[in-house]
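K.L.:
I am sharing entry39.tsv, which consists of TSV, C-alpha atoms and all ligand atoms:
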chain	number	residue	atom	x	y	z
A	1	MET	CA	81.91	195.55	85.21
A	2	ASP	CA	78.92	194.07	87.04
A	3	VAL	CA	80.06	193.87	90.66
A	4	ARG	CA	76.91	192.27	92.10
A	5	ILE	CA	78.33	188.72	92.24
A	6	LEU	CA	81.51	189.84	93.98
A	7	GLN	CA	79.58	192.02	96.42
A	8	ALA	CA	77.34	189.04	97.21
A	9	VAL	CA	80.17	186.58	97.93
A	10	LEU	CA	82.07	189.15	100.00
A	11	ALA	CA	79.04	190.51	101.90
A	12	PRO	CA	78.43	189.61	105.55
A	13	LYS	CA	75.02	188.09	104.69
A	14	PRO	CA	75.20	184.67	103.03
A	15	SER	CA	74.98	184.56	99.25
A	16	VAL	CA	72.53	182.16	97.62
A	17	SER	CA	73.15	180.87	94.10
A	18	PHE	CA	71.59	178.27	91.84
A	19	GLU	CA	73.22	176.02	89.27
A	20	PHE	CA	71.32	174.63	86.30
A	21	TYR	CA	72.34	172.24	83.56
A	22	PRO	CA	71.59	172.63	79.84
A	23	PRO	CA	68.41	170.78	78.86
A	24	LYS	CA	68.46	168.16	76.09
A	25	ASP	CA	65.33	169.27	74.22
A	26	GLY	CA	62.66	171.93	73.86
A	27	ALA	CA	60.52	170.51	76.68
A	28	GLY	CA	63.55	170.57	78.97
A	29	PHE	CA	64.17	174.19	78.02
A	30	GLY	CA	60.58	175.06	78.92
A	31	ARG	CA	60.99	173.36	82.32
A	32	LEU	CA	64.30	175.09	82.97
A	33	LEU	CA	62.83	178.53	82.33
A	34	GLU	CA	59.78	177.74	84.46
A	35	ARG	CA	61.92	176.46	87.40
A	36	ALA	CA	64.35	179.37	87.10
A	37	ALA	CA	61.44	181.82	87.12
A	38	ARG	CA	60.10	180.15	90.26
A	39	LEU	CA	63.47	180.30	92.02
A	40	GLU	CA	63.77	183.96	90.95
A	41	ALA	CA	61.28	184.74	93.74
A	42	LEU	CA	64.07	183.80	96.21
A	43	ARG	CA	66.24	186.57	94.71
A	44	PRO	CA	69.43	184.58	94.11
A	45	ASP	CA	72.72	186.47	94.04
A	46	PHE	CA	73.65	184.66	90.82
A	47	VAL	CA	72.68	181.71	88.67
A	48	SER	CA	75.02	179.51	86.64
A	49	VAL	CA	74.75	176.97	83.83
A	50	THR	CA	77.11	174.00	83.46
A	51	TYR	CA	79.07	173.63	80.23
A	52	GLY	CA	79.37	170.42	78.26
A	53	ALA	CA	79.53	168.47	81.53
A	54	GLY	CA	79.67	164.69	81.32
A	55	GLY	CA	82.89	163.89	79.44
A	56	ALA	CA	84.29	164.52	75.99
A	57	ASP	CA	82.14	162.03	74.07
A	58	GLU	CA	80.52	162.57	70.69
A	59	GLY	CA	77.44	164.26	72.23
A	60	ARG	CA	79.56	166.89	73.88
A	61	ALA	CA	79.51	169.54	71.13
A	62	GLY	CA	75.70	169.54	71.19
A	63	ARG	CA	75.68	169.85	74.98
A	64	GLN	CA	78.11	172.77	74.80
A	65	GLU	CA	75.87	174.57	72.30
A	66	ALA	CA	72.92	173.85	74.63
A	67	SER	CA	74.89	175.43	77.51
A	68	ILE	CA	75.34	178.61	75.53
A	69	ARG	CA	71.67	178.75	74.57
A	70	ALA	CA	70.55	177.96	78.13
A	71	THR	CA	72.77	180.70	79.56
A	72	GLU	CA	71.32	183.17	77.08
A	73	ALA	CA	67.74	181.97	77.72
A	74	LEU	CA	68.09	182.41	81.49
A	75	ALA	CA	68.20	186.15	80.89
A	76	ARG	CA	64.51	185.88	80.01
A	77	ALA	CA	63.62	184.02	83.21
A	78	THR	CA	65.70	185.78	85.81
A	79	SER	CA	67.20	189.17	86.51
A	80	ALA	CA	69.94	187.59	88.66
A	81	PRO	CA	73.53	187.98	87.47
A	82	ARG	CA	74.60	185.03	85.29
A	83	LEU	CA	77.79	183.01	85.43
A	84	ALA	CA	78.79	180.90	82.44
A	85	HIS	CA	80.71	177.71	83.22
A	86	LEU	CA	83.45	177.24	80.63
A	87	THR	CA	85.69	174.18	80.36
A	88	LEU	CA	88.98	174.12	78.51
A	89	ALA	CA	88.66	170.40	77.63
A	90	GLY	CA	88.49	169.79	73.89
A	91	HIS	CA	89.14	173.43	72.89
A	92	SER	CA	92.13	175.23	71.40
A	93	ARG	CA	93.13	178.61	72.80
A	94	PRO	CA	91.54	180.61	69.89
A	95	GLU	CA	88.29	178.64	70.32
A	96	LEU	CA	88.24	179.47	74.04
A	97	GLU	CA	88.82	183.15	73.28
A	98	ARG	CA	85.90	183.10	70.82
A	99	LEU	CA	83.67	181.35	73.38
A	100	VAL	CA	84.48	183.91	76.07
A	101	ARG	CA	83.54	186.68	73.61
A	102	ARG	CA	80.33	184.90	72.63
A	103	PHE	CA	79.26	184.48	76.26
A	104	LEU	CA	80.07	188.12	77.03
A	105	ASP	CA	78.11	189.26	73.97
A	106	GLY	CA	75.23	187.06	75.23
A	107	GLY	CA	75.21	189.10	78.43
A	108	VAL	CA	76.94	186.91	81.03
A	109	ASP	CA	78.41	188.74	84.01
A	110	GLY	CA	81.24	186.35	84.86
A	111	PHE	CA	82.64	182.83	84.46
A	112	MET	CA	83.38	179.61	86.24
A	113	ALA	CA	86.79	178.61	84.81
A	114	LEU	CA	87.05	174.81	84.72
A	115	ARG	CA	89.13	172.13	83.12
A	116	GLY	CA	86.35	169.64	82.36
A	117	ASP	CA	86.93	165.90	82.38
A	118	PRO	CA	88.73	163.67	79.87
A	119	PRO	CA	86.52	161.06	78.11
A	120	GLY	CA	87.24	158.41	80.77
A	121	GLY	CA	86.00	160.60	83.64
A	122	PRO	CA	87.71	162.82	86.25
A	123	ALA	CA	90.37	160.27	87.28
A	124	ALA	CA	91.33	159.26	83.68
A	125	ALA	CA	94.57	160.40	82.00
A	126	TRP	CA	94.34	163.94	80.62
A	127	GLN	CA	94.18	164.26	76.81
A	128	PRO	CA	95.51	167.59	75.57
A	129	VAL	CA	94.21	169.27	72.41
A	130	ALA	CA	96.73	170.79	69.98
A	131	GLY	CA	97.05	174.46	70.85
A	132	GLY	CA	94.90	174.01	73.94
A	133	LEU	CA	95.37	174.43	77.69
A	134	THR	CA	95.93	171.84	80.42
A	135	TYR	CA	94.89	173.36	83.75
A	136	ALA	CA	91.99	175.54	84.87
A	137	ARG	CA	94.52	178.08	86.19
A	138	GLU	CA	95.48	178.82	82.55
A	139	LEU	CA	91.82	179.34	81.65
A	140	VAL	CA	91.50	181.86	84.49
A	141	ASP	CA	94.41	183.75	82.85
A	142	LEU	CA	92.80	183.56	79.41
A	143	ILE	CA	89.38	184.75	80.63
A	144	ARG	CA	90.91	187.51	82.76
A	145	ARG	CA	92.48	189.03	79.66
A	146	GLN	CA	89.01	189.48	78.10
A	147	CYS	CA	86.73	189.96	81.10
A	148	ASP	CA	86.95	192.14	84.19
A	149	GLY	CA	83.90	190.44	85.75
A	150	PRO	CA	84.05	187.84	88.52
A	151	ILE	CA	85.76	184.50	87.87
A	152	GLY	CA	85.04	181.45	90.00
A	153	VAL	CA	86.89	178.12	90.12
A	154	ALA	CA	86.22	174.61	91.42
A	155	ALA	CA	87.28	173.41	94.89
A	156	PHE	CA	87.14	169.83	96.15
A	157	PRO	CA	86.38	169.10	99.84
A	158	TYR	CA	87.49	165.47	99.39
A	159	GLY	CA	90.22	166.26	96.87
A	160	HIS	CA	89.99	166.08	93.08
A	161	PRO	CA	89.92	162.39	92.02
A	162	ALA	CA	93.23	162.76	90.13
A	163	ALA	CA	94.97	164.99	92.71
A	164	LYS	CA	98.37	163.85	94.00
A	165	SER	CA	97.28	164.70	97.55
A	166	LEU	CA	94.86	166.93	99.44
A	167	GLU	CA	97.71	169.33	100.12
A	168	HIS	CA	98.55	169.56	96.40
A	169	ASP	CA	94.88	170.19	95.67
A	170	ALA	CA	95.03	173.15	98.06
A	171	GLU	CA	98.15	174.44	96.25
A	172	VAL	CA	96.24	174.19	92.95
A	173	LEU	CA	93.45	176.32	94.43
A	174	ALA	CA	95.98	178.91	95.61
A	175	ALA	CA	97.50	178.99	92.09
A	176	LYS	CA	94.04	179.63	90.62
A	177	GLN	CA	93.60	182.53	93.04
A	178	ARG	CA	97.00	183.97	92.06
A	179	SER	CA	95.91	183.81	88.40
A	180	GLY	CA	92.93	186.00	89.20
A	181	ALA	CA	90.11	183.79	90.49
A	182	ASP	CA	87.81	185.73	92.82
A	183	PHE	CA	85.99	182.89	94.53
A	184	ALA	CA	85.51	179.12	94.47
A	185	LEU	CA	82.42	176.92	94.40
A	186	SER	CA	82.85	173.54	96.04
A	187	GLN	CA	81.94	170.12	94.80
A	188	VAL	CA	78.81	168.74	96.50
A	189	LEU	CA	79.31	167.88	100.15
A	190	PHE	CA	77.13	166.33	102.84
A	191	GLU	CA	79.24	166.99	105.95
A	192	ALA	CA	80.12	170.46	107.19
A	193	GLU	CA	83.38	169.17	108.65
A	194	ALA	CA	84.69	168.37	105.13
A	195	TYR	CA	84.09	172.00	104.16
A	196	PHE	CA	85.82	173.42	107.23
A	197	ARG	CA	88.84	171.17	106.63
A	198	LEU	CA	88.99	172.34	102.99
A	199	VAL	CA	88.92	176.03	104.00
A	200	GLU	CA	91.60	175.48	106.61
A	201	ARG	CA	93.84	173.51	104.20
A	202	ALA	CA	93.36	176.08	101.44
A	203	ALA	CA	94.25	178.98	103.76
A	204	ARG	CA	97.48	177.22	104.83
A	205	HIS	CA	98.52	177.26	101.16
A	206	GLY	CA	97.51	180.89	100.61
A	207	ALA	CA	94.09	180.29	99.05
A	208	THR	CA	92.12	182.88	100.99
A	209	LEU	CA	89.40	183.46	98.38
A	210	PRO	CA	85.78	182.90	99.50
A	211	ILE	CA	84.85	179.21	99.06
A	212	ILE	CA	81.12	178.63	98.74
A	213	PRO	CA	79.98	175.11	99.67
A	214	GLY	CA	77.93	173.14	97.12
A	215	ILE	CA	74.58	171.77	98.30
A	216	MET	CA	72.60	169.17	96.38
A	217	PRO	CA	69.18	168.21	97.74
A	218	ILE	CA	68.17	164.56	97.42
A	219	THR	CA	64.81	164.71	95.71
A	220	GLY	CA	63.80	161.30	94.44
A	221	ALA	CA	64.44	157.57	94.51
A	222	THR	CA	66.52	157.71	91.34
A	223	ARG	CA	68.92	160.33	92.58
A	224	ARG	CA	71.28	158.35	94.81
A	225	GLU	CA	73.64	157.20	92.01
A	226	ARG	CA	73.68	160.70	90.61
A	227	LEU	CA	74.46	162.15	94.02
A	228	GLU	CA	77.37	159.79	94.51
A	229	LEU	CA	78.64	160.65	91.02
A	230	TYR	CA	78.76	164.38	91.78
A	231	PHE	CA	79.90	163.81	95.33
A	232	GLY	CA	82.70	161.47	94.30
A	233	GLY	CA	82.25	159.13	97.23
A	234	PRO	CA	79.74	157.22	99.31
A	235	LEU	CA	77.10	159.16	101.26
A	236	PRO	CA	77.79	159.59	105.00
A	237	ALA	CA	76.57	156.46	106.83
A	238	ALA	CA	73.81	158.28	108.76
A	239	LEU	CA	72.42	159.84	105.56
A	240	ALA	CA	72.73	156.59	103.59
A	241	GLU	CA	70.79	154.80	106.32
A	242	ARG	CA	67.98	157.37	106.29
A	243	VAL	CA	67.89	157.27	102.48
A	244	SER	CA	67.58	153.48	102.45
A	245	ARG	CA	64.86	153.51	105.16
A	246	ALA	CA	62.69	156.02	103.28
A	247	LYS	CA	59.46	154.28	102.26
A	248	ASP	CA	58.62	156.42	99.25
A	249	ARG	CA	59.77	159.40	97.21
A	250	ASP	CA	58.02	161.88	99.51
A	251	GLU	CA	59.78	160.55	102.57
A	252	LEU	CA	63.10	160.50	100.68
A	253	ALA	CA	62.60	164.13	99.68
A	254	ARG	CA	61.89	165.03	103.35
A	255	VAL	CA	65.08	163.21	104.44
A	256	GLY	CA	67.06	165.13	101.82
A	257	VAL	CA	65.60	168.51	102.74
A	258	ASP	CA	66.05	167.97	106.51
A	259	TRP	CA	69.67	166.86	105.99
A	260	CYS	CA	70.47	169.87	103.80
A	261	VAL	CA	68.81	172.37	106.18
A	262	ALA	CA	70.87	171.02	109.12
A	263	LEU	CA	74.03	170.94	106.99
A	264	ALA	CA	73.51	174.47	105.68
A	265	ASP	CA	72.85	175.77	109.21
A	266	GLU	CA	76.12	174.28	110.40
A	267	LEU	CA	78.02	175.62	107.39
A	268	LEU	CA	76.71	179.15	107.79
A	269	ALA	CA	77.19	179.12	111.58
A	270	GLY	CA	80.81	178.07	110.94
A	271	GLY	CA	81.44	181.01	108.59
A	272	ALA	CA	80.62	179.75	105.07
A	273	PRO	CA	80.09	182.87	102.90
A	274	GLY	CA	77.03	181.43	101.15
A	275	LEU	CA	75.41	178.36	99.66
A	276	HIS	CA	75.56	177.19	96.04
A	277	PHE	CA	72.66	174.89	95.15
A	278	TYR	CA	73.03	172.22	92.48
A	279	THR	CA	69.33	172.43	91.57
A	280	LEU	CA	69.32	169.62	88.95
A	281	ASN	CA	66.79	171.87	87.17
A	282	SER	CA	64.27	171.15	89.88
A	283	SER	CA	62.97	173.88	92.15
A	284	LEU	CA	60.87	172.48	94.98
A	285	ALA	CA	63.57	171.02	97.27
A	286	THR	CA	65.88	174.01	96.78
A	287	GLU	CA	63.03	176.38	97.48
A	288	THR	CA	62.01	174.47	100.64
A	289	ILE	CA	65.59	174.53	101.94
A	290	VAL	CA	66.18	178.23	101.23
A	291	ARG	CA	62.86	179.15	102.86
A	292	GLY	CA	63.52	176.71	105.74
A	293	LEU	CA	66.78	178.56	106.43
A	294	GLY	CA	65.06	181.95	106.24
A	295	LEU	CA	67.39	182.97	103.42
A	296	ASN	CA	64.62	184.14	101.08
A	297	ARG	CA	64.70	187.92	100.86
A	301	LIG	C1	81.54	173.86	91.20
A	301	LIG	C2	81.91	172.95	90.05
A	301	LIG	C3	81.36	173.18	88.80
A	301	LIG	C4	81.72	172.35	87.72
A	301	LIG	N1	81.13	172.59	86.50
A	301	LIG	C5	81.50	171.81	85.44
A	301	LIG	C6	80.95	172.08	84.14
A	301	LIG	O1	80.14	173.01	83.95
A	301	LIG	N2	81.33	171.29	83.12
A	301	LIG	C7	82.23	170.24	83.29
A	301	LIG	O2	82.54	169.55	82.31
A	301	LIG	N3	82.77	169.99	84.51
A	301	LIG	C8	82.42	170.75	85.58
A	301	LIG	N4	82.98	170.49	86.80
A	301	LIG	C9	83.92	169.36	86.95
A	301	LIG	C10	85.38	169.74	86.64
A	301	LIG	O3	85.51	170.17	85.30
A	301	LIG	C11	86.22	168.48	86.88
A	301	LIG	O4	86.19	168.12	88.24
A	301	LIG	C12	87.66	168.52	86.36
A	301	LIG	O5	88.18	167.19	86.42
A	301	LIG	C13	88.60	169.39	87.19
A	301	LIG	O6	88.37	170.69	86.93
A	301	LIG	P1	89.22	171.86	87.64
A	301	LIG	O7	88.66	173.09	87.08
A	301	LIG	O8	89.28	171.68	89.10
A	301	LIG	O9	90.68	171.56	87.01
A	301	LIG	P2	92.23	171.88	87.48
A	301	LIG	O10	92.21	172.97	88.51
A	301	LIG	O11	92.93	172.12	86.22
A	301	LIG	O12	92.63	170.54	88.14
A	301	LIG	C14	92.56	169.32	87.40
A	301	LIG	C15	93.55	168.30	87.97
A	301	LIG	O13	94.89	168.72	87.67
A	301	LIG	C16	95.65	168.85	88.86
A	301	LIG	N5	96.51	170.04	88.67
A	301	LIG	C17	96.11	171.33	88.54
A	301	LIG	N6	97.18	172.14	88.35
A	301	LIG	C18	98.27	171.33	88.36
A	301	LIG	C19	99.67	171.54	88.17
A	301	LIG	N7	100.17	172.77	87.96
A	301	LIG	N8	100.51	170.47	88.23
A	301	LIG	C20	100.03	169.23	88.43
A	301	LIG	N9	98.71	168.96	88.59
A	301	LIG	C21	97.85	169.98	88.56
A	301	LIG	C22	94.61	169.05	89.97
A	301	LIG	O14	95.12	168.61	91.23
A	301	LIG	C23	93.49	168.14	89.48
A	301	LIG	O15	93.76	166.81	89.81
A	301	LIG	C24	82.65	171.28	87.90
A	301	LIG	C25	83.18	171.05	89.18
A	301	LIG	C26	82.83	171.88	90.25
A	301	LIG	C27	83.41	171.62	91.60
Do you think you could lay out the structure here as structure tokens?
P.N.:
Amino acid sequence: MDVRILQAVLAPKPSVSFEFYPPKDGAGFGRLLERAARLEALRPDFVSVTYGAGGADEGRAGRQEASIRATEALARATSAPRLAHLTLAGHSRPELERLVRRFLDGGVDGFMALRGDPPGGPAAAWQPVAGGLTYARELVDLIRRQCDGPIGVAAFPYGHPAAKSLEHDAEVLAAKQRSGADFALSQVLFEAEAYFRLVERAARHGATLPIIPGIMPITGATRRERLELYFGGPLPAALAERVSRAKDRDELARVGVDWCVALADELLAGGAPGLHFYTLNSSLATETIVRGLGLNR
């Protein structure tokens, strides 16, 4: 078992991790490897690749295959431990077992166990597959039977869009921990307070696993819609105002970096065990933030 990821999330010094998404084509693959190699200089504690994200439409199978290839290719660009995201959506139990084996044979060190979204998006009615699973907690169980490496799960500072309540969401996180999850990565957030409330709520329901906040730098004029999509809500008013006042892409990038540095400082000062960067396969903003925080080693 590779214990580096677990040591990193449990260590007193903050962990730093980077998330990538599977590129669509060969050029995208080249860029991913180049950006990952650049971020390797910051010595991340682990890197992860999303799996088939974006709904169960007809392009999904291709994106899933791309996730597997991207996870394998990252081994060439980085020596950091690798986490494979795996979603249960659209797969039967035997398919999931084969996928876990394939990722392990490809050299991944651990998994993010996720449900994935139904075709209509995160708030749409769930569509089960014959012989498949329904909740991420069951996927944690399935992976745990084949893998003794670290397993992470999703946590939602503002609640999952389909959750009955914030309290129920916290119970779901506790159930994932009981099934064997070692840590959680949070959905993107822009206010430290939302993270602290999540940790407090989770602990009340027995979810004491380390929860690493998700940070997504704003890096260009086109990114606001994408940010709100990941974030699941409107940007905080003060950030939205600065974003809309930015005169050009450079100024917008500075706004995004400054906001994330202040946010990350507050998160770490308040006890967050690390920072998970949604890099969007771009390296400059993430690099500036990590260096700005003095977290490069
Ligand atoms: C860090 C992170 C990484 C992600 N990576 C990906 C990715 O790579 N690919 C991708 O497609 N998506 C990804 N997602 C999105 C994720 O798949 C969706 O948000 C999905 O809708 C929920 O996944 P989950 O793992 O939290 O599911 P679950 O924990 O199964 O929760 C799903 C819903 O079911 C409810 N629920 C859970 N258990 C029960 C129960 N016992 N009874 C009643 N209700 C219950 C929950 O409250 C929630 O509303 C990621 C999200 C995060 C935060």
K.L.:
Hey, what's within 8 Å of Tyr21 in chain A if we count only C-alpha atoms and toss same-chain stuff fewer than 5 positions away? As a PyMOL selection string, please?
P.N.:
chain A and resi 49-51+67+280-281
K.L.:
Considering only C-alpha atoms and all ligand atoms, can you say which of A:Pro12, A:Gly52, A:Pro273, A:Pro94 comes closest to ligand LIG 301 (chain A)?
P.N.:
A:Gly52
K.L.:
Counting all atoms listed in the file, what residues are within 8 Å of ligand LIG 301 (chain A), given as number ranges by chain?
P.N.:
A: 21, 49-55, 85-87, 89, 112-118, 121-123, 134-137, 153-156, 159-165, 168-169, 172-173, 175-176, 184-188, 214
K.L.:
Pull C-alpha atoms from the residues just selected and write them as a compact mmCIF listing (two decimals), in the coordinates of the input.
P.N.:
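Done, and the output landed in result-v9.txt:
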# COMPACT_ATOMS: atom_id res chain seq x y z
CA TYR A 21 72.34 172.24 83.56
CA VAL A 49 74.75 176.97 83.83
CA THR A 50 77.11 174.00 83.46
CA TYR A 51 79.07 173.63 80.23
CA GLY A 52 79.37 170.42 78.26
CA ALA A 53 79.53 168.47 81.53
CA GLY A 54 79.67 164.69 81.32
CA GLY A 55 82.89 163.89 79.44
CA HIS A 85 80.71 177.71 83.22
CA LEU A 86 83.45 177.24 80.63
CA THR A 87 85.69 174.18 80.36
CA ALA A 89 88.66 170.40 77.63
CA MET A 112 83.38 179.61 86.24
CA ALA A 113 86.79 178.61 84.81
CA LEU A 114 87.05 174.81 84.72
CA ARG A 115 89.13 172.13 83.12
CA GLY A 116 86.35 169.64 82.36
CA ASP A 117 86.93 165.90 82.38
CA PRO A 118 88.73 163.67 79.87
CA GLY A 121 86.00 160.60 83.64
CA PRO A 122 87.71 162.82 86.25
CA ALA A 123 90.37 160.27 87.28
CA THR A 134 95.93 171.84 80.42
CA TYR A 135 94.89 173.36 83.75
CA ALA A 136 91.99 175.54 84.87
CA ARG A 137 94.52 178.08 86.19
CA VAL A 153 86.89 178.12 90.12
CA ALA A 154 86.22 174.61 91.42
CA ALA A 155 87.28 173.41 94.89
CA PHE A 156 87.14 169.83 96.15
CA GLY A 159 90.22 166.26 96.87
CA HIS A 160 89.99 166.08 93.08
CA PRO A 161 89.92 162.39 92.02
CA ALA A 162 93.23 162.76 90.13
CA ALA A 163 94.97 164.99 92.71
CA LYS A 164 98.37 163.85 94.00
CA SER A 165 97.28 164.70 97.55
CA HIS A 168 98.55 169.56 96.40
CA ASP A 169 94.88 170.19 95.67
CA VAL A 172 96.24 174.19 92.95
CA LEU A 173 93.45 176.32 94.43
CA ALA A 175 97.50 178.99 92.09
CA LYS A 176 94.04 179.63 90.62
CA ALA A 184 85.51 179.12 94.47
CA LEU A 185 82.42 176.92 94.40
CA SER A 186 82.85 173.54 96.04
CA GLN A 187 81.94 170.12 94.80
CA VAL A 188 78.81 168.74 96.50
CA GLY A 214 77.93 173.14 97.12
K.L.:
Select, from A:Pro210, A:Pro217, A:Pro23, A:Gly120, the residue with the minimum atom-to-atom distance to Gly274 in chain A, counting all atoms listed in the file.
P.N.:
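When distances to Gly274 in chain A are compared using all atoms listed in the file, the smallest one comes from A:Pro210.
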K.L.:
The centre and edge lengths of an axis-aligned box containing all atoms of range 175-186 of chain A present in the file, extended by 6 Å on each side, are to be given in Å to one decimal, as JSON.
P.N.:
{"center_x": 90.0, "center_y": 179.8, "center_z": 92.2, "size_x": 27.1, "size_y": 24.5, "size_z": 19.6}
K.L.:
How many Å lie between CA of Arg82 in chain A and CA of Phe18 in chain A, rounded to one decimal?
P.N.:
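Separation between CA of Arg82 in chain A and CA of Phe18 in chain A: 9.9 Å.
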K.L.:
Counting only C-alpha atoms, which residue out of A:Phe103, A:Leu42, A:Val129, A:His276 sits closest to Leu189 in chain A?
P.N.:
A:His276
K.L.:
For a quick check of understanding, using only C-alpha atoms, which of A:Gly152, A:Gly26, A:Pro44, A:Gly270 has the smallest distance to Leu295 in chain A?
P.N.:
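Among the listed residues, the smallest separation from Leu295 in chain A belongs to A:Pro44.
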K.L.:
So, with all atoms listed in the file as the atoms that count, which of A:Asp105, A:Asp148, A:Glu40, A:Glu193 lies closest to Gly271 in chain A?
P.N.:
A:Glu193
K.L.:
By how many Å are CA of Asp182 in chain A and CA of Pro81 in chain A apart?
P.N.:
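Spanning CA of Asp182 in chain A to CA of Pro81 in chain A is a straight-line distance of 15.4 Å.
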K.L.:
In Å, rounded to a single decimal, give me how far CA of Val100 in chain A is from CA of Pro14 in chain A.
P.N.:
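Distance between the two atoms: 28.5 Å.
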K.L.:
Which is closest to Ala80 in chain A among A:Arg35, A:Arg4, A:Lys13, A:Lys24, if we use all atoms listed in the file?
P.N.:
A:Arg4
K.L.:
Tell me which protein, DNA and RNA residues are within 10 Å of Ser79 in chain A, counting all atoms listed in the file, leaving out same-chain ones fewer than 3 positions away, and put them as JSON, numbers by chain.
P.N.:
{"A": [37, 40, 43, 44, 45, 46, 47, 74, 75, 76, 82]}
K.L.:
N, CA and C atoms are needed for range 149-161 of chain A; please write them out as a PDB file, in the frame of the given file.
P.N.:
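Contents of the output file result20.pdb:
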ATOM      1  N   GLY A 149      84.931 190.917  84.813  1.00  0.00           N
ATOM      2  CA  GLY A 149      83.900 190.440  85.750  1.00  0.00           C
ATOM      3  C   GLY A 149      84.436 189.335  86.643  1.00  0.00           C
ATOM      4  N   PRO A 150      83.605 188.863  87.572  1.00  0.00           N
ATOM      5  CA  PRO A 150      84.050 187.840  88.520  1.00  0.00           C
ATOM      6  C   PRO A 150      84.356 186.494  87.863  1.00  0.00           C
ATOM      7  N   ILE A 151      85.397 185.836  88.363  1.00  0.00           N
ATOM      8  CA  ILE A 151      85.760 184.500  87.870  1.00  0.00           C
ATOM      9  C   ILE A 151      85.806 183.554  89.071  1.00  0.00           C
ATOM     10  N   GLY A 152      85.038 182.474  88.946  1.00  0.00           N
ATOM     11  CA  GLY A 152      85.040 181.450  90.000  1.00  0.00           C
ATOM     12  C   GLY A 152      85.764 180.204  89.505  1.00  0.00           C
ATOM     13  N   VAL A 153      86.204 179.378  90.458  1.00  0.00           N
ATOM     14  CA  VAL A 153      86.890 178.120  90.120  1.00  0.00           C
ATOM     15  C   VAL A 153      86.348 177.006  91.017  1.00  0.00           C
ATOM     16  N   ALA A 154      86.714 175.771  90.663  1.00  0.00           N
ATOM     17  CA  ALA A 154      86.220 174.610  91.420  1.00  0.00           C
ATOM     18  C   ALA A 154      87.133 174.327  92.614  1.00  0.00           C
ATOM     19  N   ALA A 155      86.518 173.870  93.711  1.00  0.00           N
ATOM     20  CA  ALA A 155      87.280 173.410  94.890  1.00  0.00           C
ATOM     21  C   ALA A 155      86.691 172.072  95.321  1.00  0.00           C
ATOM     22  N   PHE A 156      87.540 171.222  95.894  1.00  0.00           N
ATOM     23  CA  PHE A 156      87.140 169.830  96.150  1.00  0.00           C
ATOM     24  C   PHE A 156      87.350 169.464  97.625  1.00  0.00           C
ATOM     25  N   PRO A 157      86.255 169.407  98.397  1.00  0.00           N
ATOM     26  CA  PRO A 157      86.380 169.100  99.840  1.00  0.00           C
ATOM     27  C   PRO A 157      87.078 167.759 100.080  1.00  0.00           C
ATOM     28  N   TYR A 158      86.883 166.796  99.202  1.00  0.00           N
ATOM     29  CA  TYR A 158      87.490 165.470  99.390  1.00  0.00           C
ATOM     30  C   TYR A 158      88.680 165.273  98.448  1.00  0.00           C
ATOM     31  N   GLY A 159      89.116 166.340  97.811  1.00  0.00           N
ATOM     32  CA  GLY A 159      90.220 166.260  96.870  1.00  0.00           C
ATOM     33  C   GLY A 159      89.708 165.897  95.479  1.00  0.00           C
ATOM     34  N   HIS A 160      90.349 166.463  94.444  1.00  0.00           N
ATOM     35  CA  HIS A 160      89.990 166.080  93.080  1.00  0.00           C
ATOM     36  C   HIS A 160      90.412 164.622  92.878  1.00  0.00           C
ATOM     37  N   PRO A 161      89.606 163.823  92.152  1.00  0.00           N
ATOM     38  CA  PRO A 161      89.920 162.390  92.020  1.00  0.00           C
ATOM     39  C   PRO A 161      91.326 162.101  91.476  1.00  0.00           C
TER      40      PRO A 161
END
